[in-house]
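Dumped final21.cif below, it's mmCIF, C-alpha atoms:
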```cif
data_start
loop_
_atom_site.label_atom_id
_atom_site.label_comp_id
_atom_site.auth_asym_id
_atom_site.auth_seq_id
_atom_site.Cartn_x
_atom_site.Cartn_y
_atom_site.Cartn_z
CA MET A 1472 12.29 -30.16 13.40
CA GLN A 1473 12.04 -27.93 10.37
CA ALA A 1474 8.78 -26.50 9.13
CA ALA A 1475 8.30 -24.93 5.74
CA ASN A 1476 6.50 -21.61 5.94
CA SER A 1477 6.29 -21.18 2.21
CA ILE A 1478 6.94 -23.09 -0.93
CA SER A 1479 10.55 -22.12 -1.29
CA THR A 1480 11.72 -20.78 2.04
CA TYR A 1481 12.55 -22.87 5.07
CA PHE A 1482 12.78 -21.61 8.60
CA ARG A 1483 14.23 -23.59 11.46
CA HIS A 1484 11.86 -24.10 14.36
CA GLU A 1485 12.08 -26.19 17.48
CA PHE A 1486 9.04 -28.19 18.51
CA ASN A 1487 8.34 -30.51 21.35
CA SER A 1488 6.18 -33.34 20.13
CA GLY A 1489 5.98 -34.90 23.54
CA GLY A 1490 7.98 -37.96 22.56
CA PRO A 1491 11.31 -38.97 24.08
CA ARG A 1492 14.15 -36.66 23.10
CA SER A 1493 11.88 -34.95 20.62
CA ARG A 1494 13.93 -31.75 20.65
CA THR A 1495 17.00 -33.57 19.48
CA ARG A 1496 15.52 -35.13 16.35
CA ASN A 1497 15.55 -33.42 12.97
CA GLN A 1498 12.76 -33.83 10.50
CA ARG A 1499 12.00 -31.75 7.45
CA ILE A 1500 8.35 -30.95 6.91
CA GLN A 1501 7.25 -29.36 3.68
CA SER A 1502 3.68 -28.32 3.39
CA THR A 1503 1.73 -25.58 1.73
CA LEU A 1504 -1.87 -24.75 1.15
CA LEU A 1505 -0.96 -23.30 -2.22
CA GLY A 1506 -1.11 -25.66 -5.15
CA GLU A 1507 -3.03 -28.69 -6.20
CA SER A 1508 -5.12 -29.98 -3.36
CA ARG A 1509 -4.05 -33.34 -1.96
CA GLY A 1510 -6.80 -33.38 0.59
CA ARG A 1511 -9.75 -31.25 1.39
CA VAL A 1512 -7.68 -28.17 2.06
CA GLY A 1513 -5.72 -26.43 -0.65
CA PHE A 1514 -5.94 -23.56 -3.02
CA THR A 1515 -5.73 -24.52 -6.66
CA SER A 1516 -3.51 -22.51 -8.93
CA ILE A 1517 -5.56 -21.00 -11.68
CA LEU A 1518 -3.27 -18.64 -13.57
CA SER A 1519 0.24 -17.35 -13.76
CA ALA A 1520 1.70 -14.11 -14.99
CA ALA A 1521 5.35 -13.34 -15.64
CA LEU A 1522 6.99 -11.10 -18.21
CA ASN A 1523 10.60 -10.81 -19.27
CA PHE A 1524 11.46 -7.32 -20.48
CA GLU A 1525 15.15 -8.16 -20.95
CA VAL A 1526 17.12 -4.90 -20.83
CA PHE A 1527 14.16 -2.72 -21.68
CA ASP A 1528 12.26 -0.50 -19.27
CA PRO A 1529 9.03 -2.30 -18.30
CA LEU A 1530 6.89 0.82 -18.11
CA GLU A 1531 8.07 2.36 -21.35
CA THR A 1532 7.66 -0.97 -23.11
CA VAL A 1533 4.13 -1.40 -21.84
CA TYR A 1534 3.14 2.17 -22.64
CA ASP A 1535 4.41 1.62 -26.18
CA LEU A 1536 2.42 -1.60 -26.46
CA LEU A 1537 -0.70 0.10 -25.14
CA ALA A 1538 -0.29 2.93 -27.61
CA SER A 1539 0.24 0.50 -30.50
CA ALA A 1540 -2.93 -1.30 -29.53
CA GLY A 1541 -4.86 1.98 -29.44
CA ILE A 1542 -5.37 1.77 -25.69
CA GLU A 1543 -5.31 5.14 -23.93
CA ASP A 1544 -6.20 3.98 -20.46
CA PRO A 1545 -4.89 0.79 -18.81
CA GLU A 1546 -8.41 0.25 -17.45
CA GLU A 1547 -9.45 -0.68 -20.98
CA LEU A 1548 -7.47 -3.90 -20.57
CA ARG A 1549 -10.13 -5.10 -18.18
CA ALA A 1550 -12.77 -5.25 -20.89
CA ARG A 1551 -10.40 -6.64 -23.45
CA TYR A 1552 -9.43 -9.83 -21.63
CA ALA A 1553 -11.29 -12.39 -19.56
CA LEU A 1554 -9.77 -11.98 -16.11
CA PRO A 1555 -10.70 -13.72 -12.86
CA ASP A 1556 -13.64 -11.87 -11.37
CA GLU A 1557 -12.90 -12.93 -7.79
CA PRO A 1558 -9.98 -11.98 -5.57
CA CYS A 1559 -7.14 -14.51 -5.56
CA ILE A 1560 -4.14 -15.30 -3.41
CA CYS A 1561 -0.85 -14.59 -5.20
CA HIS A 1562 2.55 -16.06 -4.61
CA PRO A 1563 5.76 -15.11 -6.35
CA SER A 1564 7.41 -17.96 -8.21
CA LYS A 1565 10.92 -18.12 -9.56
CA THR A 1566 10.19 -21.31 -11.43
CA LEU A 1567 7.81 -19.70 -13.90
CA LYS A 1568 9.06 -19.22 -17.43
CA PRO A 1569 8.34 -15.56 -18.18
CA LEU A 1570 6.87 -14.53 -21.47
CA GLN A 1571 9.52 -12.85 -23.62
CA VAL A 1572 7.96 -9.46 -24.31
CA SER A 1573 10.09 -8.67 -27.35
CA THR A 1574 9.02 -11.79 -29.24
CA ALA A 1575 5.58 -12.62 -27.85
CA GLU A 1576 2.28 -11.60 -29.38
CA PRO A 1577 1.33 -8.15 -28.01
CA ASP A 1578 -2.08 -9.47 -27.07
CA ASP A 1579 -0.55 -12.20 -24.90
CA VAL A 1580 1.70 -9.65 -23.22
CA LEU A 1581 -1.12 -7.20 -22.56
CA ARG A 1582 -3.25 -9.90 -21.00
CA GLN A 1583 -0.48 -10.56 -18.49
CA VAL A 1584 -0.02 -6.83 -18.01
CA ALA A 1585 -3.68 -6.62 -17.02
CA LEU A 1586 -3.25 -9.44 -14.48
CA LEU A 1587 -0.07 -7.98 -13.00
CA GLY A 1588 -1.67 -4.54 -12.82
CA LEU A 1589 -4.37 -5.97 -10.57
CA CYS A 1590 -1.92 -7.79 -8.27
CA THR A 1591 -0.05 -6.70 -5.19
CA ALA A 1592 2.81 -8.90 -4.00
CA ASN A 1593 0.32 -11.34 -2.46
CA HIS A 1594 -3.17 -10.49 -3.61
CA TYR A 1595 -5.09 -10.23 -6.87
CA ASP A 1596 -8.06 -7.92 -6.62
CA PRO A 1597 -10.24 -7.30 -9.68
CA HIS A 1598 -11.87 -4.38 -7.87
CA ARG A 1599 -8.75 -2.25 -7.71
CA PRO A 1600 -7.57 -0.03 -10.55
CA VAL A 1601 -5.12 -1.45 -13.08
CA LEU A 1602 -1.94 -0.02 -11.58
CA LEU A 1603 1.14 -0.26 -13.76
CA THR A 1604 4.45 0.24 -12.01
CA ARG A 1605 7.88 -1.14 -12.70
CA ALA A 1606 7.59 -3.26 -9.56
CA SER A 1607 4.22 -4.73 -10.50
CA LEU A 1608 5.24 -5.47 -14.09
CA LYS A 1609 8.38 -7.31 -12.99
CA ARG A 1610 6.57 -9.66 -10.62
CA GLN A 1611 6.34 -13.36 -11.48
CA MET A 1612 3.13 -14.49 -9.92
CA VAL A 1613 1.02 -17.60 -9.58
CA LEU A 1614 -2.62 -16.90 -8.77
CA TYR A 1615 -4.53 -19.31 -6.55
CA SER A 1616 -8.23 -19.55 -6.07
CA GLY A 1617 -8.92 -18.44 -2.51
CA ARG A 1618 -12.23 -20.31 -2.38
CA GLY A 1619 -13.58 -17.53 -0.27
CA TYR A 1620 -10.76 -17.76 2.27
CA TYR A 1621 -8.23 -14.95 2.64
CA ALA A 1622 -8.72 -13.59 -0.85
CA MET B 657 -2.90 25.14 22.78
CA ASN B 658 -0.83 24.05 25.72
CA GLU B 659 0.46 20.76 27.08
CA GLN B 660 -2.47 20.32 29.45
CA LEU B 661 -5.07 20.81 26.74
CA PHE B 662 -3.19 18.53 24.34
CA ARG B 663 -3.06 15.76 26.96
CA ALA B 664 -6.79 16.26 27.65
CA ILE B 665 -7.54 15.79 23.94
CA VAL B 666 -5.43 12.62 23.90
CA ALA B 667 -7.40 11.33 26.90
CA GLU B 668 -10.68 12.09 25.17
CA LEU B 669 -9.48 10.39 22.01
CA ILE B 670 -8.62 7.15 23.78
CA ASP B 671 -12.05 7.17 25.40
CA GLU B 672 -13.62 7.40 21.95
CA ASN B 673 -11.35 5.02 20.02
CA SER B 674 -10.16 1.64 21.18
CA PHE B 675 -7.42 1.65 18.55
CA ALA B 676 -6.10 4.93 19.96
CA CYS B 677 -5.93 3.32 23.37
CA ARG B 678 -3.95 0.39 21.96
CA ALA B 679 -1.49 2.77 20.33
CA LEU B 680 -1.07 4.82 23.47
CA LEU B 681 -0.24 1.67 25.44
CA LYS B 682 2.77 1.21 23.17
CA ILE B 683 3.94 4.80 23.38
CA VAL B 684 6.12 5.32 26.42
CA SER B 685 5.88 9.10 26.63
CA ILE B 686 4.61 12.28 25.06
CA GLU B 687 7.28 14.94 24.69
CA PHE B 688 6.63 18.54 23.73
CA THR B 689 9.52 19.83 21.70
CA GLU B 690 10.49 22.12 18.87
CA ARG B 691 13.06 19.63 17.62
CA VAL B 692 10.40 18.32 15.24
CA PRO B 693 8.56 20.66 12.87
CA THR B 694 5.20 18.89 13.26
CA LEU B 695 4.46 15.70 15.19
CA ALA B 696 6.41 12.46 15.03
CA VAL B 697 6.84 9.08 16.66
CA THR B 698 10.28 7.69 17.22
CA THR B 699 11.18 4.27 15.87
CA GLY B 700 12.23 1.34 18.01
CA ASP B 701 10.74 -0.81 20.74
CA GLU B 702 9.67 2.12 22.88
CA PRO B 703 8.26 4.79 20.58
CA ARG B 704 7.84 8.31 21.93
CA LEU B 705 5.32 10.80 20.61
CA LEU B 706 7.01 14.11 19.84
CA VAL B 707 4.75 17.12 19.55
CA ASN B 708 5.52 20.62 18.36
CA LEU B 709 2.77 22.60 20.04
CA ALA B 710 3.40 25.65 17.84
CA PHE B 711 2.53 23.52 14.80
CA VAL B 712 -0.66 22.28 16.44
CA GLN B 713 -1.55 25.83 17.45
CA GLU B 714 -0.99 27.20 13.96
CA HIS B 715 -2.59 24.49 11.81
CA CYS B 716 -5.27 22.75 13.86
CA GLU B 717 -8.48 24.76 13.70
CA THR B 718 -10.66 22.35 15.68
CA GLU B 719 -10.28 19.60 18.23
CA PHE B 720 -11.05 17.15 15.44
CA HIS B 721 -7.96 18.43 13.65
CA VAL B 722 -5.86 17.87 16.77
CA LYS B 723 -7.27 14.37 17.07
CA ALA B 724 -6.53 13.77 13.39
CA VAL B 725 -2.83 14.53 13.78
CA ILE B 726 -2.66 12.41 16.94
CA CYS B 727 -4.44 9.53 15.17
CA HIS B 728 -2.00 9.86 12.29
CA GLU B 729 0.95 9.29 14.63
CA PHE B 730 -0.87 6.53 16.53
CA LEU B 731 -1.51 4.71 13.26
CA HIS B 732 2.20 4.76 12.47
CA VAL B 733 2.63 2.84 15.72
CA LEU B 734 -0.31 0.47 15.23
CA LEU B 735 0.67 -0.34 11.67
CA ARG B 736 4.16 -1.06 12.98
CA HIS B 737 5.90 1.54 10.86
CA THR B 738 7.92 2.39 13.95
CA ASP B 739 9.34 -1.16 13.98
CA ARG B 740 11.29 -0.50 10.80
CA VAL B 741 15.03 -0.53 10.96
CA ALA B 742 15.70 0.17 7.27
CA PRO B 743 16.04 3.83 6.27
CA ILE B 744 12.77 5.37 5.13
CA THR B 745 12.83 6.96 1.68
CA ASN B 746 10.69 9.85 0.50
CA ALA B 747 8.59 7.35 -1.45
CA ASP B 748 8.07 5.29 1.73
CA HIS B 749 7.09 8.40 3.67
CA LEU B 750 4.56 9.43 1.07
CA ALA B 751 3.10 5.93 0.82
CA LEU B 752 2.75 5.37 4.57
CA ASP B 753 1.34 8.85 5.21
CA ALA B 754 -1.11 8.61 2.31
CA VAL B 755 -2.46 5.23 3.44
CA ILE B 756 -2.87 6.51 7.01
CA ASN B 757 -4.63 9.69 5.90
CA ALA B 758 -6.95 7.65 3.70
CA LEU B 759 -7.71 5.40 6.66
CA ILE B 760 -8.50 8.40 8.86
CA HIS B 761 -10.81 9.81 6.19
CA ARG B 762 -12.57 6.49 5.70
CA GLU B 763 -12.98 5.54 9.34
CA LEU B 764 -13.27 8.86 11.13
CA GLY B 765 -14.81 11.10 8.50
CA ALA B 766 -14.33 14.50 6.95
CA GLU B 767 -14.19 16.36 10.28
CA TYR B 768 -10.90 14.63 10.93
CA SER B 769 -9.53 14.49 7.38
CA GLY B 770 -10.45 18.14 6.95
CA PHE B 771 -7.08 18.79 8.54
CA MET B 772 -5.28 16.91 5.75
CA GLN B 773 -7.39 18.61 3.12
CA LYS B 774 -6.41 22.01 4.47
CA TYR B 775 -2.78 21.29 5.28
CA TYR B 776 -2.02 19.58 1.96
CA ALA B 777 -4.36 21.76 -0.13
CA ASN B 778 -1.64 23.07 -2.42
CA GLU B 779 0.30 19.87 -2.94
CA LYS B 780 1.03 18.87 -6.52
CA GLY B 781 1.38 15.58 -8.31
CA LEU B 782 1.32 12.37 -6.34
CA ARG B 783 1.57 14.25 -3.04
CA ARG B 784 -2.07 15.14 -3.50
CA LEU B 785 -2.79 11.59 -2.35
CA LEU B 786 -2.03 12.86 1.16
CA ARG B 787 -5.50 14.37 1.30
CA PRO B 788 -9.01 13.64 0.06
CA TRP B 789 -9.86 15.37 -3.19
CA PHE B 790 -11.81 18.59 -3.54
CA ASP B 791 -15.09 18.57 -5.45
CA ASP B 792 -13.67 20.68 -8.28
CA GLU B 793 -10.89 18.12 -8.74
CA ILE B 794 -13.52 15.51 -9.55
CA CYS B 795 -14.63 17.72 -12.43
CA GLU B 796 -11.01 18.15 -13.46
CA TYR B 797 -10.73 14.40 -13.68
CA GLY B 798 -13.72 14.06 -15.95
CA GLU B 799 -16.53 12.68 -13.85
CA ARG B 800 -14.44 10.12 -12.00
CA ARG B 801 -13.33 8.40 -15.16
CA HIS B 802 -9.78 9.56 -15.30
CA HIS B 803 -7.13 6.99 -14.35
CA GLN B 804 -5.50 9.25 -11.78
CA TYR B 805 -8.80 9.84 -10.07
CA ARG B 806 -9.41 6.11 -9.97
CA ILE B 807 -6.08 5.57 -8.19
CA TRP B 808 -6.88 8.37 -5.76
CA ALA B 809 -10.39 7.03 -5.13
CA ALA B 810 -9.15 3.45 -4.75
CA LEU B 811 -6.63 4.56 -2.13
CA TYR B 812 -9.30 6.33 -0.12
CA GLN B 813 -11.63 3.32 -0.47
CA GLY B 814 -8.92 1.07 0.95
CA LYS B 815 -8.30 -0.82 -2.28
CA LEU B 816 -4.64 0.15 -2.60
CA VAL B 817 -1.86 -0.56 -0.15
CA ALA B 818 1.25 1.38 0.81
CA ASP B 819 3.41 -0.72 -1.51
CA ASP B 820 1.32 0.43 -4.48
CA ILE B 821 1.83 4.10 -3.67
CA ARG B 822 5.51 3.59 -2.92
CA ASP B 823 6.04 1.83 -6.27
CA LEU B 824 4.17 4.58 -8.07
CA ALA B 825 6.23 7.24 -6.30
CA LYS B 826 9.49 5.46 -7.10
CA ASP B 827 8.55 5.36 -10.78
CA LEU B 828 7.87 9.08 -10.80
CA THR B 829 11.00 10.30 -9.06
CA PRO B 830 13.49 12.10 -11.33
CA SER B 831 15.70 9.01 -11.59
CA GLY B 832 12.74 6.85 -12.50
CA ARG B 833 11.06 9.36 -14.73
CA ILE B 834 9.55 8.11 -17.93
CA LYS B 835 7.53 9.61 -20.69
CA PRO B 836 4.02 8.45 -19.95
CA PRO B 837 0.90 8.87 -22.07
CA ALA B 838 -0.68 12.33 -21.91
CA GLY B 839 -3.23 11.36 -19.31
CA TRP B 840 -0.55 10.64 -16.76
CA LEU B 841 1.27 13.95 -16.97
CA ALA B 842 -0.21 15.48 -13.86
CA TRP B 843 1.56 12.93 -11.69
CA GLN B 844 4.88 14.10 -13.09
CA SER B 845 5.00 17.20 -10.96
CA CYS B 846 5.58 14.96 -7.93
#
```
Please lay out the structure from this file as structure tokens.
Amino acid sequence: MQAANSISTYFRHEFNSGGPRSRTRNQRIQSTLLGESRGRVGFTSILSAALNFEVFDPLETVYDLLASAGIEDPEELRARYALPDEPCICHPSKTLKPLQVSTAEPDDVLRQVALLGLCTANHYDPHRPVLLTRASLKRQMVLYSGRGYYA
Amino acid sequence: MNEQLFRAIVAELIDENSFACRALLKIVSIEFTERVPTLAVTTGDEPRLLVNLAFVQEHCETEFHVKAVICHEFLHVLLRHTDRVAPITNADHLALDAVINALIHRELGAEYSGFMQKYYANEKGLRRLLRPWFDDEICEYGERRHHQYRIWAALYQGKLVADDIRDLAKDLTPSGRIKPPAGWLAWQSC
């Protein structure tokens, strides 16, 4: 029996359901708490953030954008954009279509920069400083409302 | 400082801290050696605590300081840093040590983290994250408003994780060096 531990990754596990020859049957199970709720349990996706810097250095590009916008401190992004005010669960997604930084409106890019700067690889926390690193700016994240759980 | 006194301090520490007891249960032995310059835990399934008593003698002024360095090594075990098989980079080292020192400061107080403040007093750049800040550094950072101070404060409040510090350190290594806005320059000496 196969159980899905995440949206995109499958791990093989053996279970004994108690039925005859249950260890010899194969069944794929795909389930996640992340995404639109089909029952009472589920964390709704509320936002996504993904930027495509092409061949350009993410940090240099963002610093240039900040300077052009007259922003000296990345913390100023917090006041500039309406961001979720509660912690969220994050999950990387390869299916997102990243915003092309070179052609997008700087304001749209900086809003995503603010979101990514408040995310770790699995958590969005509005109470942490806006931390801009190459790793954080290159993440492609979907944010889910934690509804008070985990986030 | 001798082996007997060090072991007595370890015994006292595990009486005081349940987490220290849990760590010690994983550590198979304490070895006193000059093969390590400070203290260390070995990686693998059966970590050993290696202690250079001359280092403890020279740098630990109080029993709290001795307990602080023991706790630091125990936390490497409890946080499963010793389970790693991948090589540890300088950025990893800095990140893991900084998060542990922040945890010690937050949970055990300034008597313990006073060791880190003294031992890392003259560190520059990002390596300053290895210790709590001095009061005059708060002034230097403009009444807690400066971005660097916010990162430092957030780390010591438990709002940043090791990955954050590692990513920051990787960006500031010579190969990853960039020209940041003026306010970020102090990190560049890392």
Please enumerate the residues selected by the PyMOL selection byres ((chain A) within 9 of (chain B)) when evaluated against the supplied file, formatted as a short mmCIF file (atom, residue, chain, number, x, y, z; two decimals) with C-alpha atoms, in the coordinates of the input.
```cif
data_model
loop_
_atom_site.label_atom_id
_atom_site.label_comp_id
_atom_site.auth_asym_id
_atom_site.auth_seq_id
_atom_site.Cartn_x
_atom_site.Cartn_y
_atom_site.Cartn_z
CA LEU A 1530 6.89 0.82 -18.11
CA GLU A 1531 8.07 2.36 -21.35
CA TYR A 1534 3.14 2.17 -22.64
CA ALA A 1538 -0.29 2.93 -27.61
CA GLU A 1543 -5.31 5.14 -23.93
CA ASP A 1544 -6.20 3.98 -20.46
CA PRO A 1545 -4.89 0.79 -18.81
CA GLU A 1546 -8.41 0.25 -17.45
CA THR A 1591 -0.05 -6.70 -5.19
CA ALA A 1592 2.81 -8.90 -4.00
CA ASP A 1596 -8.06 -7.92 -6.62
CA HIS A 1598 -11.87 -4.38 -7.87
CA ARG A 1599 -8.75 -2.25 -7.71
CA PRO A 1600 -7.57 -0.03 -10.55
CA VAL A 1601 -5.12 -1.45 -13.08
CA LEU A 1602 -1.94 -0.02 -11.58
CA LEU A 1603 1.14 -0.26 -13.76
CA THR A 1604 4.45 0.24 -12.01
CA ARG A 1605 7.88 -1.14 -12.70
CA ALA A 1606 7.59 -3.26 -9.56
CA SER A 1607 4.22 -4.73 -10.50
#
```
Using only C-alpha atoms for the distances, tell me which of B:Leu782, B:Val733, B:Cys677, B:Ala724 is nearest to Glu702 in chain B.
B:Val733
One decimal, in Å: what's the spacing between CA of Cys1559 in chain A and CA of Leu1614 in chain A?
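Rounded to one decimal, the two atoms are 6.0 Å apart.
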Extract, using all atoms listed in the file, all DNA, RNA and protein residues at most 12 Å from Glu714 in chain B, discarding same-chain residues fewer than 6 positions from it, and format them as a list in words.
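The neighbour list is Met657, Pro693, Thr694, Asn708, His721, Val722, Phe771 and Tyr775 of chain B.
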Taking the file above as input, evaluate the PyMOL selection byres ((chain B and resi 728) around 12) and report the hits as a PyMOL selection string.
chain B and resi 675-676+679+694-697+705+721-727+729-735+737+752-761+764+768-769+771-772+786
